[in-house]
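J.: query-v8.tsv is reproduced in full below (TSV, C-alpha atoms).
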```tsv
chain	number	residue	atom	x	y	z
A	73	MET	CA	184.98	-30.17	70.76
A	74	ASP	CA	186.59	-32.02	73.70
A	75	GLY	CA	188.77	-34.92	72.50
A	76	CYS	CA	189.12	-33.83	68.87
A	77	GLY	CA	192.57	-32.29	69.04
A	78	ALA	CA	194.42	-35.42	67.88
A	79	ALA	CA	192.67	-35.57	64.55
A	80	GLY	CA	195.19	-33.31	62.81
A	81	SER	CA	194.70	-32.38	59.18
A	82	SER	CA	192.14	-35.14	58.72
A	83	GLY	CA	190.01	-33.51	61.42
A	84	SER	CA	190.16	-30.09	59.74
A	85	GLY	CA	189.08	-31.68	56.44
A	86	MET	CA	186.21	-33.43	58.17
A	87	MET	CA	185.06	-30.20	59.82
A	88	ARG	CA	185.18	-28.44	56.45
A	89	LEU	CA	182.90	-31.13	55.00
A	90	LEU	CA	180.53	-30.80	57.96
A	91	LEU	CA	180.25	-27.08	57.34
A	92	MET	CA	179.68	-27.62	53.61
A	93	ALA	CA	176.98	-30.22	54.24
A	94	GLY	CA	175.12	-27.85	56.51
A	95	ALA	CA	175.56	-24.81	54.29
A	96	PRO	CA	172.69	-23.43	52.23
A	97	ALA	CA	172.30	-24.66	48.65
A	98	GLU	CA	173.44	-21.37	47.18
A	99	ILE	CA	176.79	-21.61	49.05
A	100	ARG	CA	177.33	-25.27	48.27
A	101	GLY	CA	176.70	-24.55	44.61
A	102	GLU	CA	179.53	-22.05	44.12
A	103	GLY	CA	182.30	-22.66	41.62
A	104	GLU	CA	182.48	-25.76	39.48
A	105	GLU	CA	179.80	-27.55	41.54
A	106	ARG	CA	177.15	-25.43	39.77
A	107	ARG	CA	177.44	-27.81	36.82
A	108	TYR	CA	175.99	-30.71	38.78
A	109	ASP	CA	172.52	-31.48	39.95
A	110	GLN	CA	171.96	-30.23	43.47
A	111	GLY	CA	170.64	-33.55	44.74
A	112	ARG	CA	173.54	-35.55	43.29
A	113	ARG	CA	176.05	-33.05	44.66
A	114	ALA	CA	174.56	-33.35	48.14
A	115	ALA	CA	174.61	-37.17	47.91
A	116	ASP	CA	178.27	-37.19	46.82
A	117	LEU	CA	179.16	-34.80	49.62
A	118	ARG	CA	177.48	-36.99	52.20
A	119	ALA	CA	179.29	-40.08	50.93
A	120	LEU	CA	182.64	-38.28	51.18
A	121	LEU	CA	181.76	-37.04	54.63
A	122	ARG	CA	180.96	-40.57	55.82
A	123	GLN	CA	184.31	-41.83	54.51
A	124	GLU	CA	186.17	-39.05	56.34
A	125	LEU	CA	184.21	-39.75	59.49
A	126	ARG	CA	185.01	-43.45	59.47
A	127	THR	CA	188.72	-42.64	59.24
A	128	PHE	CA	188.48	-39.94	61.87
A	129	ILE	CA	186.56	-42.12	64.34
A	130	GLN	CA	189.31	-44.77	64.28
A	131	GLY	CA	191.93	-42.21	65.31
A	132	PRO	CA	193.20	-41.70	68.87
A	133	GLY	CA	192.17	-38.99	71.31
A	134	LEU	CA	188.39	-39.30	71.06
A	135	THR	CA	186.24	-39.81	74.13
A	136	PRO	CA	183.60	-42.59	73.91
A	137	ARG	CA	180.80	-40.03	73.94
A	138	VAL	CA	182.24	-38.06	71.02
A	139	ARG	CA	183.01	-41.26	69.10
A	140	SER	CA	179.42	-42.45	69.60
A	141	PHE	CA	178.08	-39.09	68.44
A	142	LEU	CA	180.16	-39.12	65.26
A	143	ARG	CA	179.18	-42.70	64.44
A	144	SER	CA	175.59	-41.48	63.99
A	145	PHE	CA	176.81	-39.50	60.96
A	146	ALA	CA	178.58	-42.50	59.48
A	147	ARG	CA	175.54	-44.74	59.13
A	148	ARG	CA	174.89	-46.68	55.95
A	149	PRO	CA	173.89	-44.31	53.11
A	150	ARG	CA	170.45	-44.38	51.53
A	151	SER	CA	169.54	-46.51	48.52
A	152	PRO	CA	171.48	-45.93	45.26
A	153	ASP	CA	168.45	-44.35	43.62
A	154	TYR	CA	168.37	-41.73	46.38
A	155	VAL	CA	169.24	-38.92	44.00
A	156	SER	CA	166.49	-39.81	41.53
A	157	GLN	CA	163.95	-39.94	44.37
A	158	ARG	CA	164.74	-36.46	45.61
A	159	ARG	CA	162.76	-33.45	44.48
A	160	PRO	CA	164.27	-31.45	41.64
A	161	ALA	CA	166.12	-28.28	42.48
A	162	GLY	CA	163.75	-25.50	43.45
A	163	ALA	CA	160.94	-27.88	44.43
A	164	GLY	CA	158.50	-26.84	47.14
A	165	ARG	CA	156.39	-23.71	47.46
A	166	GLY	CA	156.14	-23.23	43.72
A	167	GLY	CA	159.86	-23.72	43.06
A	168	ALA	CA	159.32	-26.80	40.88
A	169	ALA	CA	156.75	-24.95	38.82
A	170	ARG	CA	159.08	-21.99	38.37
A	171	THR	CA	161.95	-24.27	37.36
A	172	ALA	CA	159.72	-26.09	34.86
A	173	ARG	CA	158.52	-22.81	33.37
A	174	ARG	CA	162.07	-21.68	32.65
A	175	SER	CA	162.43	-24.58	30.22
A	176	MET	CA	159.10	-23.89	28.50
A	177	ALA	CA	158.60	-22.17	25.21
A	178	GLY	CA	157.05	-18.70	25.15
A	179	PRO	CA	153.38	-19.71	24.64
A	180	GLU	CA	153.62	-22.55	27.18
A	181	ARG	CA	155.18	-20.25	29.74
A	182	ALA	CA	152.44	-17.65	29.23
A	183	ALA	CA	149.76	-20.33	29.70
A	184	ALA	CA	151.40	-21.54	32.90
A	185	GLU	CA	151.54	-18.00	34.23
A	186	ARG	CA	147.84	-17.49	33.44
A	187	ALA	CA	147.01	-20.67	35.36
A	188	ASP	CA	149.06	-19.45	38.32
A	189	ARG	CA	147.20	-16.14	38.30
A	190	LEU	CA	143.85	-17.95	38.20
A	191	PHE	CA	144.59	-20.16	41.20
A	192	ALA	CA	145.98	-17.18	43.10
A	193	LEU	CA	142.56	-15.45	42.98
A	194	SER	CA	140.94	-15.48	46.40
A	195	GLY	CA	138.19	-13.42	47.98
A	196	LEU	CA	134.81	-11.90	47.11
A	197	PHE	CA	133.70	-9.91	44.08
A	198	ALA	CA	130.42	-9.21	42.30
A	199	VAL	CA	129.09	-9.99	38.82
A	200	TYR	CA	126.00	-8.84	36.97
A	201	LYS	CA	123.30	-11.48	36.54
A	202	PRO	CA	121.11	-10.90	33.48
A	203	LYS	CA	117.57	-12.14	33.01
A	204	GLY	CA	117.35	-15.77	31.89
A	205	PRO	CA	120.00	-18.03	33.42
A	206	THR	CA	119.80	-19.35	36.96
A	207	SER	CA	122.40	-18.23	39.46
A	208	ALA	CA	124.03	-21.69	39.34
A	209	ALA	CA	124.14	-21.67	35.52
A	210	LEU	CA	125.73	-18.22	35.51
A	211	LEU	CA	128.33	-19.37	38.02
A	212	ASN	CA	129.22	-22.37	35.86
A	213	ARG	CA	129.55	-20.08	32.83
A	214	LEU	CA	131.92	-17.83	34.77
A	215	LYS	CA	134.00	-20.81	35.87
A	216	GLU	CA	134.21	-22.16	32.32
A	217	ARG	CA	135.37	-18.78	31.02
A	218	LEU	CA	138.16	-18.53	33.60
A	219	VAL	CA	139.31	-22.13	33.17
A	220	ALA	CA	139.35	-21.73	29.37
A	221	GLU	CA	141.38	-18.51	29.59
A	222	ALA	CA	143.91	-20.19	31.87
A	223	GLY	CA	144.11	-23.20	29.54
A	224	VAL	CA	143.31	-25.60	32.37
A	225	GLN	CA	141.35	-28.77	31.69
A	226	ALA	CA	138.17	-28.99	33.76
A	227	ASN	CA	137.64	-32.02	35.97
A	228	LYS	CA	134.37	-33.68	34.96
A	229	ASN	CA	134.41	-36.15	37.84
A	230	LYS	CA	132.77	-34.37	40.76
A	231	ARG	CA	133.98	-37.02	43.21
A	232	LYS	CA	137.52	-35.91	42.66
A	233	LYS	CA	138.94	-32.67	43.96
A	234	GLN	CA	137.85	-29.82	41.73
A	235	ILE	CA	140.41	-27.60	40.05
A	236	LEU	CA	138.76	-24.31	40.99
A	237	LYS	CA	136.66	-23.53	44.03
A	238	ILE	CA	134.00	-20.93	43.30
A	239	GLY	CA	130.53	-20.15	44.65
A	240	HIS	CA	127.87	-17.46	45.05
A	241	GLY	CA	126.34	-15.90	48.14
A	242	GLY	CA	122.65	-15.60	47.34
A	243	THR	CA	120.37	-17.05	44.68
A	244	LEU	CA	118.56	-14.77	42.24
A	245	ASP	CA	115.55	-16.06	40.31
A	246	SER	CA	116.13	-16.75	36.64
A	247	ALA	CA	113.82	-13.81	35.80
A	248	ALA	CA	115.66	-11.46	38.19
A	249	THR	CA	118.70	-9.32	37.42
A	250	GLY	CA	121.37	-7.53	39.41
A	251	VAL	CA	124.23	-8.10	41.82
A	252	LEU	CA	125.44	-11.65	42.42
A	253	VAL	CA	128.28	-11.90	44.93
A	254	VAL	CA	130.87	-14.55	44.02
A	255	GLY	CA	133.46	-16.18	46.25
A	256	ILE	CA	136.59	-17.69	44.72
A	257	GLY	CA	139.33	-19.69	46.43
A	258	LYS	CA	139.21	-19.06	50.17
A	259	GLY	CA	136.52	-16.49	49.48
A	260	THR	CA	133.95	-19.32	49.37
A	261	LYS	CA	134.32	-19.55	53.15
A	262	MET	CA	133.15	-15.95	53.50
A	263	LEU	CA	129.89	-16.39	51.60
A	264	SER	CA	127.72	-17.16	54.64
A	265	THR	CA	128.48	-13.68	55.98
A	266	ILE	CA	127.26	-12.13	52.73
A	267	LEU	CA	124.25	-14.45	52.73
A	268	ALA	CA	123.10	-13.21	56.13
A	269	GLY	CA	123.81	-9.54	55.37
A	270	SER	CA	121.52	-6.84	54.00
A	271	LYS	CA	120.40	-6.59	50.38
A	272	LYS	CA	118.60	-3.95	48.35
A	273	TYR	CA	116.06	-4.56	45.59
A	274	THR	CA	113.99	-2.56	43.17
A	275	ALA	CA	110.75	-4.39	42.39
A	276	ILE	CA	107.97	-3.57	39.95
A	277	GLY	CA	104.66	-5.10	41.06
A	278	ARG	CA	101.41	-5.53	39.19
A	279	LEU	CA	98.05	-5.23	40.89
A	280	GLY	CA	95.08	-7.40	39.92
A	281	LYS	CA	96.89	-10.60	38.88
A	282	ALA	CA	98.28	-13.48	40.94
A	283	THR	CA	100.44	-16.33	39.59
A	284	ASP	CA	101.60	-19.67	40.97
A	285	THR	CA	105.24	-18.47	41.03
A	286	LEU	CA	104.31	-15.01	42.39
A	287	ASP	CA	106.04	-13.40	39.40
A	288	ALA	CA	105.50	-12.89	35.68
A	289	THR	CA	106.93	-16.30	34.73
A	290	GLY	CA	104.08	-18.28	36.29
A	291	LYS	CA	100.54	-19.16	35.33
A	292	VAL	CA	97.80	-16.72	36.31
A	293	THR	CA	95.82	-18.25	39.17
A	294	GLU	CA	93.63	-15.30	40.15
A	295	GLU	CA	92.44	-11.91	38.91
A	296	LYS	CA	90.80	-9.20	41.01
A	297	PRO	CA	89.83	-5.55	40.49
A	298	TYR	CA	92.27	-2.91	41.70
A	299	ASP	CA	90.65	0.34	40.52
A	300	LYS	CA	89.89	1.50	44.07
A	301	VAL	CA	93.51	1.23	45.25
A	302	THR	CA	95.12	4.66	45.72
A	303	LYS	CA	98.71	5.73	46.23
A	304	GLY	CA	97.86	6.62	49.83
A	305	ASP	CA	96.45	3.15	50.42
A	306	LEU	CA	99.60	1.55	49.13
A	307	GLU	CA	101.92	3.77	51.18
A	308	SER	CA	99.88	3.05	54.30
A	309	VAL	CA	100.08	-0.71	53.77
A	310	LEU	CA	103.86	-0.61	53.35
A	311	GLN	CA	104.28	0.40	56.98
A	312	LYS	CA	102.88	-2.99	58.04
A	313	PHE	CA	105.70	-4.75	56.21
A	314	THR	CA	108.59	-2.78	57.72
A	315	GLY	CA	110.75	-4.02	60.59
A	316	ASP	CA	110.64	-7.54	62.04
A	317	ILE	CA	107.80	-9.41	60.34
A	318	MET	CA	106.66	-12.97	59.66
A	319	GLN	CA	106.71	-14.20	56.06
A	320	VAL	CA	105.58	-17.40	54.32
A	321	PRO	CA	108.09	-18.43	51.59
A	322	PRO	CA	106.69	-19.11	48.10
A	323	LEU	CA	106.22	-22.69	46.92
A	324	TYR	CA	108.49	-22.04	43.95
A	325	SER	CA	111.71	-21.54	45.89
A	326	ALA	CA	115.14	-22.95	46.66
A	327	LEU	CA	113.88	-24.32	49.97
A	328	LYS	CA	114.07	-28.10	50.12
A	329	LYS	CA	111.91	-31.03	51.11
A	330	ASP	CA	113.63	-34.40	51.57
A	331	GLY	CA	116.72	-32.99	49.90
A	332	GLU	CA	114.94	-31.68	46.79
A	333	ARG	CA	113.99	-28.13	45.94
A	334	LEU	CA	110.34	-27.21	46.30
A	335	SER	CA	110.40	-25.59	42.86
A	336	SER	CA	111.48	-28.91	41.29
A	337	LEU	CA	108.67	-30.75	43.05
A	338	MET	CA	106.14	-28.14	41.90
A	339	LYS	CA	107.27	-28.36	38.28
A	340	ARG	CA	106.69	-32.13	38.37
A	341	GLY	CA	103.16	-31.56	39.60
A	342	GLU	CA	103.71	-33.06	43.04
A	343	ALA	CA	101.72	-31.84	46.02
A	344	VAL	CA	103.78	-29.48	48.16
A	345	GLU	CA	102.75	-27.93	51.44
A	346	ALA	CA	103.70	-24.33	52.13
A	347	LYS	CA	106.50	-23.82	54.61
A	348	PRO	CA	105.44	-22.19	57.88
A	349	ALA	CA	105.87	-18.45	58.32
A	350	ARG	CA	109.26	-17.44	59.62
A	351	PRO	CA	110.77	-14.21	60.96
A	352	VAL	CA	112.48	-11.89	58.48
A	353	LYS	CA	113.69	-8.32	58.67
A	354	VAL	CA	112.87	-5.34	56.44
A	355	TYR	CA	115.15	-2.36	57.08
A	356	SER	CA	113.37	0.01	54.71
A	357	LEU	CA	110.46	-0.11	52.27
A	358	SER	CA	109.34	2.81	50.12
A	359	LEU	CA	107.06	3.47	47.15
A	360	GLN	CA	108.96	5.06	44.27
A	361	HIS	CA	106.30	5.11	41.57
A	362	PHE	CA	102.58	4.35	41.30
A	363	GLN	CA	100.73	4.10	37.99
A	364	PRO	CA	98.01	1.45	38.28
A	365	PRO	CA	98.26	-1.42	37.81
A	366	LEU	CA	102.04	-1.03	38.22
A	367	PHE	CA	103.93	0.17	41.27
A	368	THR	CA	107.66	0.35	42.04
A	369	LEU	CA	109.19	-0.45	45.43
A	370	ASP	CA	112.65	-0.02	46.92
A	371	VAL	CA	113.35	-2.69	49.53
A	372	GLU	CA	116.25	-3.22	51.90
A	373	CYS	CA	116.02	-6.52	53.76
A	374	GLY	CA	117.99	-9.18	55.60
A	375	GLY	CA	118.72	-12.77	54.65
A	376	GLY	CA	115.96	-15.26	53.87
A	377	PHE	CA	113.58	-12.60	52.58
A	378	TYR	CA	111.42	-13.09	49.47
A	379	VAL	CA	110.40	-9.98	47.53
A	380	ARG	CA	107.86	-12.09	45.63
A	381	SER	CA	106.10	-12.98	48.88
A	382	LEU	CA	106.18	-9.32	49.92
A	383	VAL	CA	104.43	-8.13	46.74
A	384	SER	CA	101.84	-10.92	46.98
A	385	ASP	CA	101.11	-10.07	50.62
A	386	ILE	CA	100.77	-6.37	49.77
A	387	GLY	CA	98.14	-7.24	47.16
A	388	LYS	CA	96.17	-9.30	49.68
A	389	GLU	CA	96.35	-6.48	52.23
A	390	LEU	CA	94.82	-4.15	49.63
A	391	SER	CA	91.92	-6.60	49.08
A	392	THR	CA	93.17	-7.50	45.62
A	393	CYS	CA	96.13	-9.55	44.39
A	394	ALA	CA	99.58	-8.74	43.02
A	395	SER	CA	102.68	-10.32	41.51
A	396	VAL	CA	106.24	-9.24	40.65
A	397	GLN	CA	106.79	-8.06	37.07
A	398	LYS	CA	110.49	-7.18	37.37
A	399	LEU	CA	113.06	-7.64	40.11
A	400	THR	CA	116.57	-6.19	40.33
A	401	ARG	CA	119.04	-6.62	43.18
A	402	THR	CA	120.83	-3.28	43.39
A	403	LYS	CA	123.10	-4.01	46.36
A	404	GLN	CA	124.36	-6.95	48.39
A	405	GLY	CA	126.51	-6.21	51.39
A	406	PRO	CA	128.89	-3.41	50.36
A	407	PHE	CA	128.72	-4.32	46.65
A	408	THR	CA	126.50	-2.19	44.40
A	409	LEU	CA	125.17	-2.79	40.92
A	410	GLU	CA	126.61	0.43	39.49
A	411	GLU	CA	130.12	0.27	40.96
A	412	HIS	CA	131.08	-3.35	41.50
A	413	ALA	CA	129.08	-5.81	39.35
A	414	LEU	CA	131.24	-7.10	36.49
A	415	HIS	CA	129.41	-7.70	33.22
A	416	GLU	CA	130.26	-10.75	31.16
A	417	ASP	CA	132.61	-8.89	28.83
A	418	LYS	CA	134.89	-8.29	31.84
A	419	TRP	CA	135.02	-11.86	33.06
A	420	THR	CA	138.78	-12.21	32.70
A	421	ILE	CA	141.46	-13.19	35.19
A	422	ASP	CA	143.01	-9.73	35.23
A	423	GLU	CA	139.69	-7.87	35.57
A	424	ILE	CA	138.58	-10.15	38.41
A	425	ALA	CA	141.94	-9.71	40.16
A	426	ARG	CA	141.45	-5.93	40.08
A	427	SER	CA	137.85	-6.27	41.25
A	428	LEU	CA	138.91	-8.54	44.12
A	429	GLU	CA	141.43	-5.98	45.32
A	430	HIS	CA	138.76	-3.26	45.34
A	431	CYS	CA	135.90	-5.34	46.73
A	432	MET	CA	137.90	-6.90	49.56
A	433	SER	CA	138.87	-3.43	50.78
A	434	LEU	CA	135.16	-2.71	51.36
A	435	LEU	CA	134.62	-5.55	53.81
A	436	PRO	CA	134.54	-4.48	57.48
A	437	GLY	CA	137.37	-6.12	59.37
A	438	GLU	CA	138.57	-9.66	58.76
A	439	PRO	CA	135.81	-11.91	57.39
A	440	SER	CA	135.14	-15.22	59.07
A	441	HIS	CA	137.07	-18.15	57.61
A	442	LYS	CA	134.96	-20.83	59.18
A	443	LYS	CA	134.57	-23.83	56.89
A	444	PHE	CA	131.06	-24.29	55.52
A	445	LYS	CA	129.84	-27.48	53.96
A	446	THR	CA	128.92	-27.19	50.30
A	447	GLU	CA	127.23	-29.51	47.84
A	448	ASP	CA	130.06	-29.39	45.32
A	449	PRO	CA	133.57	-28.26	46.29
A	450	GLY	CA	134.29	-27.17	42.74
A	451	GLU	CA	131.04	-25.41	41.96
A	452	THR	CA	130.15	-24.11	45.39
A	453	VAL	CA	126.59	-22.85	45.36
A	454	VAL	CA	125.52	-21.45	48.69
A	455	SER	CA	121.74	-21.80	48.66
A	456	CYS	CA	119.79	-18.72	49.59
A	457	GLU	CA	116.12	-17.90	49.83
A	458	ASP	CA	116.07	-14.18	49.18
A	459	LYS	CA	114.68	-13.57	45.75
```
Before we go any further, please render this structure as structure tokens.

T.:
Amino acid sequence: MDGCGAAGSSGSGMMRLLLMAGAPAEIRGEGEERRYDQGRRAADLRALLRQELRTFIQGPGLTPRVRSFLRSFARRPRSPDYVSQRRPAGAGRGGAARTARRSMAGPERAAAERADRLFALSGLFAVYKPKGPTSAALLNRLKERLVAEAGVQANKNKRKKQILKIGHGGTLDSAATGVLVVGIGKGTKMLSTILAGSKKYTAIGRLGKATDTLDATGKVTEEKPYDKVTKGDLESVLQKFTGDIMQVPPLYSALKKDGERLSSLMKRGEAVEAKPARPVKVYSLSLQHFQPPLFTLDVECGGGFYVRSLVSDIGKELSTCASVQKLTRTKQGPFTLEEHALHEDKWTIDEIARSLEHCMSLLPGEPSHKKFKTEDPGETVVSCEDK
């Protein structure tokens, strides 16, 4: 540097301190300095550097510009509690957690590692939904299992940030079974893509009986004869429900009126008007078995489609009535019931991590990471109308 030649040995000592202050922590910590806390060592080094600078600046041979530049390094040091305010060594990007774990006992360290593995889970996977619980209840059960395994205390206050973000990509009725796609971590942002994608169902319908819910869980509202319906009649009718069609959603559904589900309003006995017909898509529809009054259908459809409405409409088209007796979702997006749906006995952090790795490899390209608004950031439930 121009004008620094007159500093002599004091200048060389000052330059050595400058180099040490700018050196990485692992270099500064060599030798005996390893015994001291990194923050305190850095503070002591800066104090010594300032003292050397003050002496050096007073010496001859410095140009005003260089002297002004060096004075900026000799400003008043920070408050005495500077060291205590600094982060501990290794802080940032998980360093503090790693440092803390080194001082833990064996069981505590294992619990901390399980928690780390839980919060590292991110993406989409599939679980098996049995008959009985709602999709939201099943999701909460899954979350409780994972949180309990990780030894993390659940946050009961929903206004605060939740400890685990998890959600599903398509509601199944409580009486239905099959594939339920789950998003965890950043995977919750991908659920809308799954929601709009194709799904496959196997449905068993019953001719001659109609219910208020359009399935076997509801009250019988109508009975009609069906003895004249043939297999050929049924196969012919199915062609009318293939492709782009209009469909009226059932009253017992996840659709909302004034912010409340229609199914909740119906259960309270309130008057509810049917939603207008809307366009839906049926990719394929085939009759697999016919033994009156029962018939079995395989359906592949797009988002927003109700299999219950389909079976009811088929009954009306046959001049009788019909309702769903059993409904199973066999595929959602690329995830199938046989290959990808995890049963409850495999709801562990390690099993889900393996399933995530496999399931994410099936997604075409990079899924959209657009942020979607959810009702509860901790128990993300993406509402869907295909049941």

J.: Just checking: using only C-alpha atoms, which residue out of A:Asp287, A:Asp417, A:Glu429, A:Glu216 ends up closest to Val199 of chain A?

T.: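 Of the candidates, the smallest distance to Val199 of chain A is held by A:Asp417.
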
J.: Env of Gly255 of chain A: 10 Å cut, atoms = all atoms listed in the file, seq-sep filter 2 positions within chain, self excluded. Answer as a list in words.

T.: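 The filter keeps Leu193, Ser194, Gly195, Leu196, Phe197, Ala198, Lys237, Ile238, Gly239, His240, Gly241, Leu252, Val253, Gly257, Lys258, Gly259, Thr260, Lys261, Met262, Leu263, Ile266, Leu428, Thr452, Val453 and Val454 of chain A.
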
J.: Nearest to Glu372 of chain A: which of A:Leu434, A:Leu218, A:Leu286, A:Val354 is it, counting only C-alpha atoms?

T.: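 Once distances to Glu372 of chain A are computed over only C-alpha atoms, the minimum belongs to A:Val354.
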
J.: Which residue, A:Thr420, A:Thr127, A:Ser140, A:Ser384, has the smallest gap to Thr285 of chain A when you use only C-alpha atoms?

T.: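 Checking each candidate against Thr285 of chain A, we get A:Ser384 as the closest.
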
J.: Taking all atoms listed in the file into account, which of A:Ile386, A:Val379, A:Ala247, A:Ala288 comes nearest Pro205 of chain A?

T.: A:Ala247

J.: Ranking A:Met432, A:Leu359, A:Leu121, A:Leu409 by minimum distance to Thr249 of chain A and counting only C-alpha atoms, which one comes first?

T.: A:Leu409
